[in-house]
Structures are given as C-alpha cells and as structure tokens.
Amino acid sequence: MLWHKAWVDTRWRFLLALALLLVLACGSSLTFPSVRDFLASIEVPVVANEEAAAAFRESLELTRSFRGYAWSQWFAQSFPVLLTLMAALLGSGSPLVKGGSGALFSLALPVSRGRWIGTRTGTALGELFVLALAPSLAFAALAPVVGERFAVSEALAYGLSAFVGASVFLGLAVLLSTLFNDVWRPLLLTCVGALAIGAIVPHDYGLFRAMGGESYFFEGTFAWPALLVSAAAAAGLVYAAAARIARRDF
Amino acid sequence: MADEPIIETAGVHKSYGSVQALAGVDLRIPRGVVCGLLGRNGAGKTTTIKVLLGMVRPTSGKASVFGLPATDAKASLVIRTRAAFVSEDKDLYAGVTIGELVRFTAAFYPNWRADHASEYLAAFELRADATTRELSRGMRTKLALLLALSTGAELLILDEPMAGLDPAAIEQVLKIIVQQAGRDGTTVLFSSHQLADVEQIADHIAIVDRGRVVVDGALDELRDQYRRIQVVFDGAAPDAKLQSKGVVRLRRDGRVLSVLCRSAEAEVVAETRALNPKGIDVLPVTLKEIFLETVGVESRDAVA
C-alpha cells in the first residue's frame, strides 16, 4: 500500500517526464538523416585557433555515424541535463511534510518514518530507472527506421550510467525535502547543486562525464570510479534524509 | 483492570528554542475510561498527544502507552498499531476517494473492523466514491473518525474531534464515542474546548495549563472533592487569608467570600466559621467552574 501511495503521489511527474524524454529521444533519432546530410554539406570554417577547429572537426566526424550522433547529441549532452532535472523533480517533496497533506495521518499509521522515506525514494529510483532506460532504448529501437543500427547493450550502458549519476541528485532532493516543507525549494536547490557540480568539478573527473558514458563510447568501459562514488553518495544522501526525518518533530 | 494506566507520563518537558510547550506533564489515564483533556489554546494538549504518538520527541521526561515507551521508535510502532488518532486538522490525503482511503488504512491494522467501517459509512452518510477534496470540514471529521474507529484500536486519541461540527453532528460523534467505549472497552482520550461535551461523556478529566497537568482524576471524584463554600457576612467580607491547604481559589465580592476548595470542605468551613459570618453555604461545582478556577489559580501562581 505504501508503494501504491508513493506511485500515486509521483505518477504524474513521472509520466510527464517520460513523455517528454521519449518525444525528445525519438525526435533526435528520427532527425538523424537530415542532420547528417546538413552537416555533410558544410565545410569547416577557417579559424585561427587550431584546437577549436580540431574540436569542431571531431564533432562533425562523430555525427556522420548514428552511434556518434546519438552519443554526442543526446547521451553526452541533453540526456544528463534532462535526467538530472527529472531526478530533482522525482526526489522533491517528502511524504512527511510538516503541515502538508496527510502528514499527521501518515505519522499516526503504524509505519516507521524510515519506511516512509525508503518507500518513496525506492519508488522514485524505480521511476528514474525507467526514465534513464526508456529513451536510451528508443535509440536502439528507432535506429532501423533511419536505416542504422544501434546496439541495445550500448543503449543500456548509457542509460545505466546516466541513472547512477542522476541518483545523486535524486538523493540530494530527498535530503533537501526533509529540510523544507514544499516541493519547490528542494527542486530549485538541487538544480543549483547540479549547476555547481558542473561548474566546479573538472570535466575529466566530472559526474556529468560519467553520466554521459564517455568512457564507454571511446573505450567500451564504464567509468567505474565515478559511478561507484555516485552510488555511494546517493546512498549517503538518502541515509542522511532518513536520519534527519527520524529526529524531526511534527 | 480499570486502574491499570494505559497512558502514563512523568515530568515530560518539551521546548522549541526558548518556547516551553510542556513544562513537566504528569498524567495517568486508566484503561477503559473516556478521558477529556482540557486546556486553553496553547496549553500543551496537542503537544502532549503528539508525544504519546511519537510525533514529537520530549526534551526530558518519560511517556508510556500500553506500558511501552512512546519515545522508542520500535515501541512507538506497536503503540500506533494499537492506538488510533484523529488530528485537530482532520489531516487526510487529498484527491483520493473515501473508498481508497478506507482500503489504504485497513492494510496497516491487523484488527481492522470492516463491519465498523461499513456501519459508519452508512451512519455518517459518506459516499465511498466521493473524494476527500469534496468533503466539508464536518464530513472530513466524520471520515477521520470512521477510519480511527475501524482500526480495532484499544485506544482512541482524538484531538478536538468536535471542532467545526454542527450541534447535530456533535451529538452524533459523542454518541459514537460513548458507544465505542462501551461496546469494545476502548479507552478514549480526547481534547476539547467544549466543557459541556466533555462533561457529557467523560469519566476522567485531565486539565492542562501552561504545559503542566493541573488536574487529573475521575470526574465523579473531582465533583466530590471540589466544593464552593459561600460565606455571607453582614458587612463587607473580611480580607481574610485562609490557612487550609485545600483552598484552590478565594474571592471577595461585597458581603460574600467565595472559596473553591478541594478535599478540604470541613477544614474550610471551620476556618470561615471563625470569621463570624452570617451564613455558610456549601455548594457542588460544575466542571466549568473547576476548569476556570483551576486554570485561573495556576496562571496566577505561574505569574507570581
């Protein structure tokens, strides 16, 4: 019943997010031929900075194949940002909000506070998992439509990398939701936190790089250290949220 | 075992920063009684209730329900399995149907009484397909009561259950509380401002004032213990200070000296007789008088 309630509480956010991500992922897949043809028709501009020119050429080269296009345009750029936003959205809003709808009713039930938080977080993690995998698999499913191939295993690899990284922001939103009695402040602060991580942490060690599956694209391996640190950080944040809610007065 | 306390607290304090919500609550509520928890706004009734249900952690002191420590998280789960609660705000989930809420709640209580739920749905004229958003405050109260009464709980804790109800609904709720207590032997602890309602159904009274319990006992015993002694003089009543320890409050009003006393009727009568009055009347007191005078005395003492 708790799982059902957690699902009912978050289902509209999840379904809207899923619809948005699927539309964008499908749109990206299906526009590949026209993007490829357009890029083939342009020439590399002459620039003084050779480094910038090399980067531009590499980007153009990547988008000539569906695999390179999918990774560079979706998995490495749009997807980590969008999934971060969705994770913040799913994690914001505790079921035990002081003064919120039904909080005292929930607290009077013979259910521990940890179970409330755990169930809600578990549901949000499950939803985030679907949000991470469904758009990724859409690339694999739609590749034949545009006359290309995209391995399901590769789609899963990118989806899982993005999921583990985004779980950090879900955990942060869950923790912040135990500090504030509304949905908006945890959501906003989590987004600010994501921006700060993106701005402060060097790209080579960055969470977003791991979420984008860069090492998998170039080397065929997962960014294990970053993913393990992310998973541990997410677990730590959720644990901190449970500890915080256990001590709170209502 | 009517004397076995189902709720017992000792020296429970709760502070929020510099604000002291509870200042040493000592409470002992026997099993099987209907207990009215009285007090002014902000006296500490709701905080006391929340401590019992594990929603608020006391700063110090001990609280137990069913002999289990209310401050222990695991024990609190057992307490909440055996006790049902209706909050002051009749706080329920928004946007779900009554039927869904009943099924949801039933899943957590092993002794859930489906027969009670059906009975009260009909008695309260609640439609299972109506959503909680459609309900008036009165109907929300009835739904919250329905859920609490159907849990099969040994203890019902109701925070201002009559608030926002019309007189007919209040009568209905009072009747159901008495019926529940009589039928299943359920202990009921309810807070209220409505002294007449409390007097109508309660057999045990606890009065909370400024975070302390100032009166705790069986209503009949309190009525027996408290007396108003009206002492009438030929002229102005003397500015006498009575020595008897049972004096709760003393007032002078023209020729009349009015003394509210507890368990000290004979002593006070003897003491006032020494003042050469024209006459002495010993009168029974109502719960309202006990409440107002006790709270008044305690407030004055606290200020002093």
# chains A, B, ... in the order shown; residues from 1 in each chain; ligands from 1
call {"tool": "interface_residues", "arguments": {"of": "chain A", "to": "chain B", "cutoff": "7 Å", "atoms": "only C-alpha atoms", "output": "MDAnalysis selection string"}}
result
chainID A and resid 1 101:102 104:105 107:112 249:250
call {"tool": "write_last_selection", "arguments": {"atoms": "N, CA and C atoms", "output": "short mmCIF file (atom, residue, chain, number, x, y, z; two decimals), in the first residue's frame"}}
result
data_model
loop_
_atom_site.label_atom_id
_atom_site.label_comp_id
_atom_site.auth_asym_id
_atom_site.auth_seq_id
_atom_site.Cartn_x
_atom_site.Cartn_y
_atom_site.Cartn_z
N MET A 1 0.81 -1.21 0.00
CA MET A 1 0.00 0.00 0.00
C MET A 1 0.85 1.27 0.00
N SER A 101 -0.28 17.80 3.20
CA SER A 101 -1.48 16.99 3.08
C SER A 101 -1.26 15.60 3.67
N GLY A 102 -1.96 15.33 4.76
CA GLY A 102 -1.95 13.99 5.32
C GLY A 102 -0.71 13.60 6.09
N LEU A 104 0.24 14.17 9.26
CA LEU A 104 -0.07 13.62 10.59
C LEU A 104 -0.80 12.29 10.48
N PHE A 105 -1.64 12.18 9.46
CA PHE A 105 -2.33 10.91 9.22
C PHE A 105 -1.30 9.82 8.95
N LEU A 107 1.87 9.82 9.85
CA LEU A 107 2.68 9.58 11.05
C LEU A 107 1.94 8.77 12.10
N ALA A 108 0.60 8.83 12.09
CA ALA A 108 -0.18 8.09 13.07
C ALA A 108 -0.32 6.62 12.67
N LEU A 109 -0.04 6.29 11.43
CA LEU A 109 -0.12 4.89 11.00
C LEU A 109 1.06 4.12 11.59
N PRO A 110 0.88 2.82 11.79
CA PRO A 110 1.99 2.03 12.34
C PRO A 110 3.06 1.75 11.29
N VAL A 111 3.67 2.79 10.82
CA VAL A 111 4.71 2.71 9.80
C VAL A 111 5.87 3.60 10.24
N SER A 112 7.08 3.07 10.19
CA SER A 112 8.23 3.88 10.63
C SER A 112 8.51 4.99 9.62
N ASP A 249 10.54 16.75 14.69
CA ASP A 249 9.25 16.89 15.39
C ASP A 249 8.19 17.35 14.39
N PHE A 250 6.99 16.85 14.57
CA PHE A 250 5.88 17.25 13.68
C PHE A 250 4.75 17.90 14.48
#
call {"tool": "residues_around", "arguments": {"residues": "Asp182 of chain A", "least_positions_apart": "4", "cutoff": "8 Å", "atoms": "only C-alpha atoms", "output": "number ranges by chain"}}
result
A: 93, 97, 177, 186
call {"tool": "write_last_selection", "arguments": {"atoms": "N, CA and C atoms", "output": "compact mmCIF listing (two decimals), in the first residue's frame"}}
result
# COMPACT_ATOMS: atom_id res chain seq x y z
N GLY A 93 9.86 16.80 -2.44
CA GLY A 93 8.55 16.65 -1.81
C GLY A 93 8.49 15.40 -0.97
N VAL A 97 5.76 15.88 4.99
CA VAL A 97 5.96 17.32 5.02
C VAL A 97 5.15 17.91 6.16
N SER A 177 14.30 17.70 0.87
CA SER A 177 12.86 17.66 1.15
C SER A 177 12.56 17.41 2.61
N PRO A 186 13.40 22.35 -2.53
CA PRO A 186 14.31 21.22 -2.81
C PRO A 186 14.63 21.08 -4.30
call {"tool": "residues_around", "arguments": {"residues": "segment 149-162 of chain B", "least_positions_apart": "4", "cutoff": "9 Å", "atoms": "only C-alpha atoms", "output": "JSON, numbers by chain"}}
result
{"B": [6, 31, 32, 37, 45, 46, 49, 80, 81, 82, 83, 84, 85, 86, 87, 88, 89, 90, 105, 106, 108, 109, 110, 111, 112, 113, 114, 115, 116, 117, 120, 138, 141, 142, 144, 145, 166, 169, 170, 173, 174, 177, 180, 184, 185, 186, 187, 188, 189, 190, 191, 192, 193, 194, 197]}
call {"tool": "residues_around", "arguments": {"residues": "Gly193 of chain A", "least_positions_apart": "3", "cutoff": "12 Å", "atoms": "only C-alpha atoms", "output": "ChimeraX atom specification"}}
result
/A:84-85,88,168-173,176,185-190,196-201
call {"tool": "write_last_selection", "arguments": {"atoms": "C-alpha atoms", "output": "PDB file, in the first residue's frame"}}
result
ATOM      1  CA  THR A  84      19.255  15.486 -13.601  1.00  0.00           C
ATOM      2  CA  LEU A  85      16.222  17.740 -13.761  1.00  0.00           C
ATOM      3  CA  ALA A  88      15.382  16.525  -8.817  1.00  0.00           C
ATOM      4  CA  VAL A 168      22.972  11.539  -6.665  1.00  0.00           C
ATOM      5  CA  PHE A 169      20.606  14.399  -7.479  1.00  0.00           C
ATOM      6  CA  LEU A 170      17.606  12.337  -6.501  1.00  0.00           C
ATOM      7  CA  GLY A 171      19.273  11.672  -3.140  1.00  0.00           C
ATOM      8  CA  LEU A 172      20.057  15.352  -2.737  1.00  0.00           C
ATOM      9  CA  ALA A 173      16.438  16.276  -3.473  1.00  0.00           C
ATOM     10  CA  LEU A 176      16.523  18.684   0.983  1.00  0.00           C
ATOM     11  CA  ARG A 185      12.844  24.758  -2.729  1.00  0.00           C
ATOM     12  CA  PRO A 186      14.309  21.217  -2.810  1.00  0.00           C
ATOM     13  CA  LEU A 187      13.819  21.182  -6.586  1.00  0.00           C
ATOM     14  CA  LEU A 188      15.458  24.551  -7.082  1.00  0.00           C
ATOM     15  CA  LEU A 189      18.348  23.887  -4.694  1.00  0.00           C
ATOM     16  CA  THR A 190      19.048  20.506  -6.291  1.00  0.00           C
ATOM     17  CA  ALA A 196      27.617  23.965  -9.097  1.00  0.00           C
ATOM     18  CA  ILE A 197      28.952  20.435  -9.658  1.00  0.00           C
ATOM     19  CA  GLY A 198      29.025  21.044 -13.399  1.00  0.00           C
ATOM     20  CA  ALA A 199      30.869  24.325 -12.944  1.00  0.00           C
ATOM     21  CA  ILE A 200      33.308  23.403 -10.184  1.00  0.00           C
ATOM     22  CA  VAL A 201      34.352  19.808 -10.856  1.00  0.00           C
TER      23      VAL A 201
END
call {"tool": "residues_around", "arguments": {"residues": "segment 50-67 of chain A", "least_positions_apart": "6", "cutoff": "8 Å", "atoms": "only C-alpha atoms", "output": "PyMOL selection string"}}
result
chain A and resi 32+36+39-40+44+143+148-150
call {"tool": "select_by_dssp", "arguments": {"residues": "segment 112-268 of chain B", "states": "strand (DSSP E)", "output": "PDB file with C-alpha atoms, in the first residue's frame"}}
result
ATOM      1  CA  LEU B 155      -7.001   3.415  22.453  1.00  0.00           C
ATOM      2  CA  LEU B 156      -8.542   6.276  20.529  1.00  0.00           C
ATOM      3  CA  ILE B 157      -6.760   9.609  20.689  1.00  0.00           C
ATOM      4  CA  LEU B 158      -8.888  12.407  19.302  1.00  0.00           C
ATOM      5  CA  ASP B 159      -7.588  15.963  19.095  1.00  0.00           C
ATOM      6  CA  THR B 187     -10.085   3.803  26.023  1.00  0.00           C
ATOM      7  CA  VAL B 188     -10.693   7.263  24.612  1.00  0.00           C
ATOM      8  CA  LEU B 189      -8.504  10.305  25.150  1.00  0.00           C
ATOM      9  CA  PHE B 190      -9.971  13.393  23.548  1.00  0.00           C
ATOM     10  CA  SER B 191      -9.059  17.023  23.806  1.00  0.00           C
ATOM     11  CA  SER B 192     -11.726  19.658  23.644  1.00  0.00           C
ATOM     12  CA  HIS B 204     -11.915  11.026  33.604  1.00  0.00           C
ATOM     13  CA  ILE B 205     -10.579  14.556  33.306  1.00  0.00           C
ATOM     14  CA  ALA B 206      -7.114  15.971  32.796  1.00  0.00           C
ATOM     15  CA  ILE B 207      -6.667  19.731  32.704  1.00  0.00           C
ATOM     16  CA  VAL B 208      -3.504  21.082  31.121  1.00  0.00           C
ATOM     17  CA  ASP B 209      -2.372  24.621  31.716  1.00  0.00           C
ATOM     18  CA  ARG B 212       1.519  21.172  33.092  1.00  0.00           C
ATOM     19  CA  VAL B 213      -1.309  18.904  34.185  1.00  0.00           C
ATOM     20  CA  VAL B 214      -3.069  20.781  36.958  1.00  0.00           C
ATOM     21  CA  VAL B 215      -5.983  18.381  37.447  1.00  0.00           C
ATOM     22  CA  ASP B 216      -6.056  14.655  36.693  1.00  0.00           C
ATOM     23  CA  GLY B 217      -8.731  12.384  38.040  1.00  0.00           C
ATOM     24  CA  ALA B 218     -12.087  10.687  37.708  1.00  0.00           C
ATOM     25  CA  TYR B 226     -14.420  20.151  44.857  1.00  0.00           C
ATOM     26  CA  ARG B 227     -16.869  22.357  46.712  1.00  0.00           C
ATOM     27  CA  ARG B 228     -17.727  26.020  46.566  1.00  0.00           C
ATOM     28  CA  ILE B 229     -18.213  27.491  50.005  1.00  0.00           C
ATOM     29  CA  GLN B 230     -20.136  30.740  50.009  1.00  0.00           C
ATOM     30  CA  VAL B 231     -19.654  32.687  53.208  1.00  0.00           C
ATOM     31  CA  VAL B 232     -22.013  35.631  53.679  1.00  0.00           C
ATOM     32  CA  VAL B 247      -8.181  26.212  49.145  1.00  0.00           C
ATOM     33  CA  VAL B 248      -7.975  26.429  45.361  1.00  0.00           C
ATOM     34  CA  ARG B 249      -9.302  29.938  44.976  1.00  0.00           C
ATOM     35  CA  LEU B 250     -10.697  32.613  47.198  1.00  0.00           C
ATOM     36  CA  ARG B 251     -12.682  35.657  46.076  1.00  0.00           C
ATOM     37  CA  ARG B 252     -14.333  38.532  47.853  1.00  0.00           C
ATOM     38  CA  ASP B 253     -17.377  40.127  46.284  1.00  0.00           C
ATOM     39  CA  VAL B 256     -19.702  37.375  50.073  1.00  0.00           C
ATOM     40  CA  LEU B 257     -16.494  35.428  50.463  1.00  0.00           C
ATOM     41  CA  SER B 258     -16.401  32.634  47.874  1.00  0.00           C
ATOM     42  CA  VAL B 259     -13.989  29.765  48.387  1.00  0.00           C
ATOM     43  CA  LEU B 260     -13.328  26.942  45.949  1.00  0.00           C
ATOM     44  CA  CYS B 261     -11.728  24.108  47.823  1.00  0.00           C
ATOM     45  CA  ARG B 262     -10.572  20.582  47.107  1.00  0.00           C
TER      46      ARG B 262
END
call {"tool": "select_by_dssp", "arguments": {"residues": "segment 4-155 of chain A", "states": "helix (DSSP H, G or I)", "output": "PyMOL selection string"}}
result
chain A and resi 4-30+32-41+50-62+66-91+103-108+113-146+152-155
